[in-house]
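In what follows, a single structure is set out as structure tokens and then discussed.
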Amino acid sequence: MQSKLFAKNFLLVVIGQIISLFGNAIIRFALPLYLLNQTGSSALFGTVSACASIPAIILSPVGGILADRVNKRNIMVALDFFTAAVILAFTQLLGGVNLILLIAVTMMILYGIAGAYQPAVQASVPALVSKEHFMAANSVINTISSFASLLGPVLGGILYSIYGLKPVLWVCIACFLLSAIMETFIQIPFVKQESDGGMWKSMKQDFLESIRFIRGKKPVIGKVLVVVCGINLFLSAMIVVGLPYMVTEVLGFDAAMANRLYGFAEGGLAAGGLAGGIGAGIFAKRLTIQKAGNLIIVCAVCVFPIGIALGLSISGLISYFVMTVCCFCIMVCSTIFTVQMMAFVQAQTPQNLIGKVIALMITVAMCAQPVGNVLYGFLFEVCYGAEAAVVLLAGGISLAIAVSAKNIFRRLA
């Protein structure tokens with residue numbers, strides 16, 4: 001473990017993450033948008049997005065268990081190479097098989113890879129930096145993710161609107177190949193854990209051990225996860241489904257302009273994440289976990305201006321501007337909240353359990369996302385012309401959850 005933050009190995013992890021997450025941001029932007037452009041259906045968009053989330057939910061615990069039992073560098077390298085191969089296969093099959101099935105299967109594989117990948121990255125932080133740098137290191141990782149998500153959709157939207165889908169796919173393949181090569185030079189301390197049975201028996205024991213740790217020693221983590229699930233179900237899912245649908249199908253822009261504006265809106269979300277990550281790093285010593293509930297309240301409040309702008313039927317550009325600014329603010333607060341929670345969990349969890357506990361948290365937090373995606377996909381389609389009511393409903397429920405959860409965060413130490 002290095003005493004300074006940006007030692008060689010952590011720096012290599014950072015560089016690899018920049019390249020890999022940049023490719024991830026582009027592909028996650030391009031494929032759903034291509035499906036929405038080809039079908040115009042928010043219900044289909046939401047259903048496919050929900051199906052894509054399921055493998056991530058299933059494979060996150062597997063990724064966490066592997067992160068504690070396999071060299072984390074090898075996991076990152078192998079999954080980046082595999083991701084490049086998946087996108088290459090999609091490129092070759094495009095136009096030759098059913099589009100909806102092809103996109104659904106490809107997104108499911110990509111999300112599953114990401115679900116197994118992220119626990120390895122998060123679990124590598126305590127092995128590469130000292131405890132006093134946990135908050136700053138997590139801030140760096142989140143900032144990288146937001147920075148990649150900022151540039152990815154903007155560049156992807158420009159390339160996609162001018163050249164179509166295939167050039168975007170080739171850029172993504174190059175990103176993942178370069179990231180995999182970069183990560184081969186990382187050296188992460190690794191101690192092999194003993195196993196008293198087969199792989200599946202060990203995985204089952206590890207999974208149960210992480211559950212016992214949260215239920216027995218850190219039950220407050222479980223309560224926080226319930227809150228996060230509620231926010232994912234009613235707020236995050238509304239943004240994931242509603243933002244592309246409203247920008248491309250509701251606000252009245254022509255197709256090329258709508259695709260560009262959606263790219264910039266996604267960039268606005270990422271810019272908020274970037275600002276939140278930087279802010280969490282700069283003010284790390286001033287941020288207290290006990291006040292984290294206030295950040296979720298702000299996120300919920302920011303939903304209401306979007307609904308009001310849609311309800312007043314003002315111009316498309318003004319509604320788009322309000323939507324983008326509010327999403328930016330939501331991402332600032334949610335990113336700071338995520339950094340705080342991750343640093344808290346890393347500091348409270350033993351080294352041999354970090355990967356498993358983080359993966360379990362990610363899995364539980366993501367469980368609500370597919371349900372929310374399907375829910376809002378059908379709500380927006382059924383309530384065509386009354387999208388404001390759907391948005392305001394999401395804001396009201398999210399605010400109620402955030403206010404009722406405030407006492408949970410006050411008790412965190």
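By convention in this document, the chains of the structure tokens carry letters A, B, ... by their order, each chain's residues are numbered from 1, and ligands are numbered from 1 in the order they are shown.
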Legend entry - Residues near range 382-384 of chain A, cut-off 10 Å, only C-alpha atoms, skip fewer than 4 positions along chain, as a PyMOL selection string: chain A and resi 42-43+250+376-378+388-390
Please write the residues from the selection above to a file, keeping C-alpha atoms, as a PDB file, in the first residue's frame.
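Resulting contents of result16.pdb:
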```
ATOM      1  CA  SER A  42     -40.586   4.392 -24.816  1.00  0.00           C
ATOM      2  CA  ALA A  43     -42.122   1.126 -23.571  1.00  0.00           C
ATOM      3  CA  VAL A 250     -41.717  14.912 -26.861  1.00  0.00           C
ATOM      4  CA  TYR A 376     -41.654   4.526 -16.527  1.00  0.00           C
ATOM      5  CA  GLY A 377     -41.435   3.138 -20.054  1.00  0.00           C
ATOM      6  CA  PHE A 378     -45.104   2.207 -19.892  1.00  0.00           C
ATOM      7  CA  ALA A 388     -45.498  16.373 -16.626  1.00  0.00           C
ATOM      8  CA  ALA A 389     -47.778  14.304 -14.378  1.00  0.00           C
ATOM      9  CA  VAL A 390     -45.373  11.350 -14.522  1.00  0.00           C
TER      10      VAL A 390
END
```
Legend entry - Close residues, range 357-373 of chain A itself excluded, 8 Å, only C-alpha atoms, min 5 positions apart in chain, as an MDAnalysis selection string: chainID A and resid 46:47 49:51 53:54 56:58 60:65 119 122:123 207 210:211 214 225:226 228:230 232:234 236:238 240:241 345 349
Inset, instruction - Name the residues of range 138-277 of chain A that come out as alpha helix (DSSP H) in a backbone DSSP run; write them as JSON, numbers by chain. - result: {"A": [138, 139, 140, 141, 142, 143, 144, 145, 146, 147, 148, 149, 150, 151, 152, 153, 154, 155, 156, 157, 158, 159, 160, 161, 162, 163, 165, 166, 167, 168, 169, 170, 171, 172, 173, 174, 175, 176, 177, 178, 179, 180, 181, 182, 183, 199, 200, 201, 202, 203, 204, 205, 206, 207, 208, 209, 210, 211, 212, 219, 220, 221, 222, 223, 224, 225, 226, 227, 228, 229, 230, 231, 237, 238, 239, 240, 241, 242, 243, 244, 245, 255, 256, 257, 258, 259, 260, 261, 262, 263, 264, 265, 266, 267, 268, 269, 270, 271, 272, 273, 274, 275, 276, 277]}
Legend entry - Between CA of Val247 in chain A and CA of Ala270 in chain A - distance in Å to one decimal: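 Pair CA of Ala270 in chain A / CA of Val247 in chain A returns 16.6 Å.
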Inset, instruction - Tell me which of A:Asn294, A:Thr106, A:Thr335, A:Gln340 sits closest to Val403 in chain A, counting only C-alpha atoms. - result: A:Asn294
Inset, instruction - One decimal, Å: what's the distance from CA of Gly242 in chain A over to CA of Gly40 in chain A, could you say? - result: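 Value for the CA of Gly242 in chain A-CA of Gly40 in chain A distance: 12.9 Å.
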Inset, instruction - State, in Å with one decimal place, the distance from CA of Cys333 in chain A to CA of Cys299 in chain A. - result: 6.5 Å
Inset, instruction - Go through A:Val105, A:Val303, A:Val227, A:Asn24 and flag the residue nearest Leu93 in chain A, using only C-alpha atoms for the distances. - result: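 Checking each candidate against Leu93 in chain A, we get A:Val105 as the closest.
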Inset, instruction - Tell me, as a ChimeraX atom specification, which residues lie within 8 Å of Ser334 in chain A, counting only C-alpha atoms; anything in the same chain fewer than 4 positions away does not count. - result: /A:273,276,295-296,299,330,338
Legend entry - Residues within 8 Å of Ala84 in chain A, only C-alpha atoms, excluding chain neighbours under 5 positions, as a list in words: Cys172, Ile173, Ala174, Phe176 and Leu177 of chain A
Filtering to N, CA and C atoms, could you give me those residues as a CSV table (one decimal), in the first residue's frame?
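Generated output (again_34.csv):
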```csv
chain,number,residue,atom,x,y,z
A,172,CYS,N,-15.4,2.6,-29.8
A,172,CYS,CA,-15.6,1.9,-28.5
A,172,CYS,C,-14.6,0.7,-28.4
A,173,ILE,N,-14.5,-0.1,-29.5
A,173,ILE,CA,-13.6,-1.2,-29.6
A,173,ILE,C,-12.2,-0.8,-29.3
A,174,ALA,N,-11.8,0.3,-29.9
A,174,ALA,CA,-10.4,0.8,-29.7
A,174,ALA,C,-10.2,1.2,-28.2
A,176,PHE,N,-11.6,0.0,-25.5
A,176,PHE,CA,-11.5,-1.2,-24.6
A,176,PHE,C,-10.2,-2.0,-24.8
A,177,LEU,N,-9.7,-2.0,-26.1
A,177,LEU,CA,-8.5,-2.7,-26.3
A,177,LEU,C,-7.3,-1.9,-25.7
```
Legend entry - Ala52 in chain A environment, 7 Å, only C-alpha atoms, sequence neighbours closer than 3 positions dropped, as a ChimeraX atom specification: /A:48-49,55,104,107-108,111
Inset, instruction - Tell me which of A:Leu88, A:Leu393, A:Gly293, A:Ser20 sits closest to Lys166 in chain A, counting only C-alpha atoms. - result: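 Closest candidate: A:Leu88.
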Inset, instruction - For Gly268 in chain A, list every protein, DNA or RNA residue within 8 Å, evaluated using only C-alpha atoms, and leave out those in the same chain fewer than 3 positions away; present the list as number ranges by chain. - result: A: 150, 264-265, 271-272, 324-325, 327-328
Take the residues that were just selected and, keeping all heavy atoms, output them as a short mmCIF file (atom, residue, chain, number, x, y, z; two decimals), in the first residue's frame.
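Result went into again38.cif, see below:
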```cif
data_model
loop_
_atom_site.label_atom_id
_atom_site.label_comp_id
_atom_site.auth_asym_id
_atom_site.auth_seq_id
_atom_site.Cartn_x
_atom_site.Cartn_y
_atom_site.Cartn_z
N LEU A 150 -19.22 12.46 -19.39
CA LEU A 150 -19.42 13.79 -19.96
C LEU A 150 -19.01 13.83 -21.42
O LEU A 150 -19.77 14.25 -22.29
CB LEU A 150 -18.62 14.82 -19.15
CG LEU A 150 -18.51 16.23 -19.73
CD1 LEU A 150 -19.87 16.88 -19.84
CD2 LEU A 150 -17.58 17.08 -18.88
N PHE A 264 -25.88 16.17 -25.50
CA PHE A 264 -25.47 17.25 -24.60
C PHE A 264 -26.17 17.13 -23.24
O PHE A 264 -25.58 17.47 -22.21
CB PHE A 264 -25.76 18.61 -25.23
CG PHE A 264 -24.85 18.97 -26.36
CD1 PHE A 264 -25.33 19.19 -27.63
CD2 PHE A 264 -23.47 19.07 -26.15
CE1 PHE A 264 -24.48 19.51 -28.67
CE2 PHE A 264 -22.61 19.39 -27.18
CZ PHE A 264 -23.11 19.61 -28.45
N ALA A 265 -27.41 16.64 -23.23
CA ALA A 265 -28.11 16.44 -21.96
C ALA A 265 -27.42 15.35 -21.13
O ALA A 265 -27.23 15.50 -19.92
CB ALA A 265 -29.57 16.06 -22.21
N ALA A 271 -21.44 16.01 -16.44
CA ALA A 271 -20.77 17.20 -15.89
C ALA A 271 -21.14 17.41 -14.43
O ALA A 271 -20.31 17.79 -13.60
CB ALA A 271 -21.15 18.44 -16.71
N GLY A 272 -22.39 17.11 -14.10
CA GLY A 272 -22.81 17.18 -12.70
C GLY A 272 -22.07 16.16 -11.86
O GLY A 272 -21.65 16.44 -10.73
N THR A 324 -32.02 19.98 -18.39
CA THR A 324 -30.58 19.75 -18.34
C THR A 324 -29.97 20.33 -17.06
O THR A 324 -29.14 19.68 -16.40
CB THR A 324 -29.89 20.39 -19.56
OG1 THR A 324 -30.48 19.86 -20.76
CG2 THR A 324 -28.40 20.10 -19.58
N VAL A 325 -30.39 21.53 -16.67
CA VAL A 325 -29.86 22.15 -15.45
C VAL A 325 -30.25 21.35 -14.21
O VAL A 325 -29.42 21.11 -13.32
CB VAL A 325 -30.35 23.61 -15.33
CG1 VAL A 325 -29.99 24.19 -13.96
CG2 VAL A 325 -29.75 24.47 -16.43
N CYS A 327 -31.03 18.14 -14.06
CA CYS A 327 -30.30 16.87 -14.05
C CYS A 327 -28.85 17.08 -13.62
O CYS A 327 -28.27 16.22 -12.94
CB CYS A 327 -30.36 16.23 -15.44
SG CYS A 327 -31.98 15.53 -15.86
N PHE A 328 -28.28 18.19 -14.02
CA PHE A 328 -26.92 18.53 -13.57
C PHE A 328 -26.86 18.61 -12.05
O PHE A 328 -25.98 18.03 -11.41
CB PHE A 328 -26.49 19.84 -14.19
CG PHE A 328 -25.18 20.39 -13.68
CD1 PHE A 328 -23.97 19.98 -14.23
CD2 PHE A 328 -25.15 21.30 -12.62
CE1 PHE A 328 -22.76 20.48 -13.74
CE2 PHE A 328 -23.96 21.79 -12.13
CZ PHE A 328 -22.77 21.38 -12.69
#
```
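With only C-alpha atoms as the atoms that count, the minimum distance from Leu128 in chain A to the choices A:Ala85, A:Ile188, A:Val14, A:Met257 is reached by A:Ile188.
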Legend entry - Nearby residues (only C-alpha atoms) at most 12 Å from Leu178 in chain A, same-chain spacing under 2 positions excluded, as a VMD selection string: chain A and resid 15 to 23 77 80 to 81 83 to 84 171 to 176 180 to 184
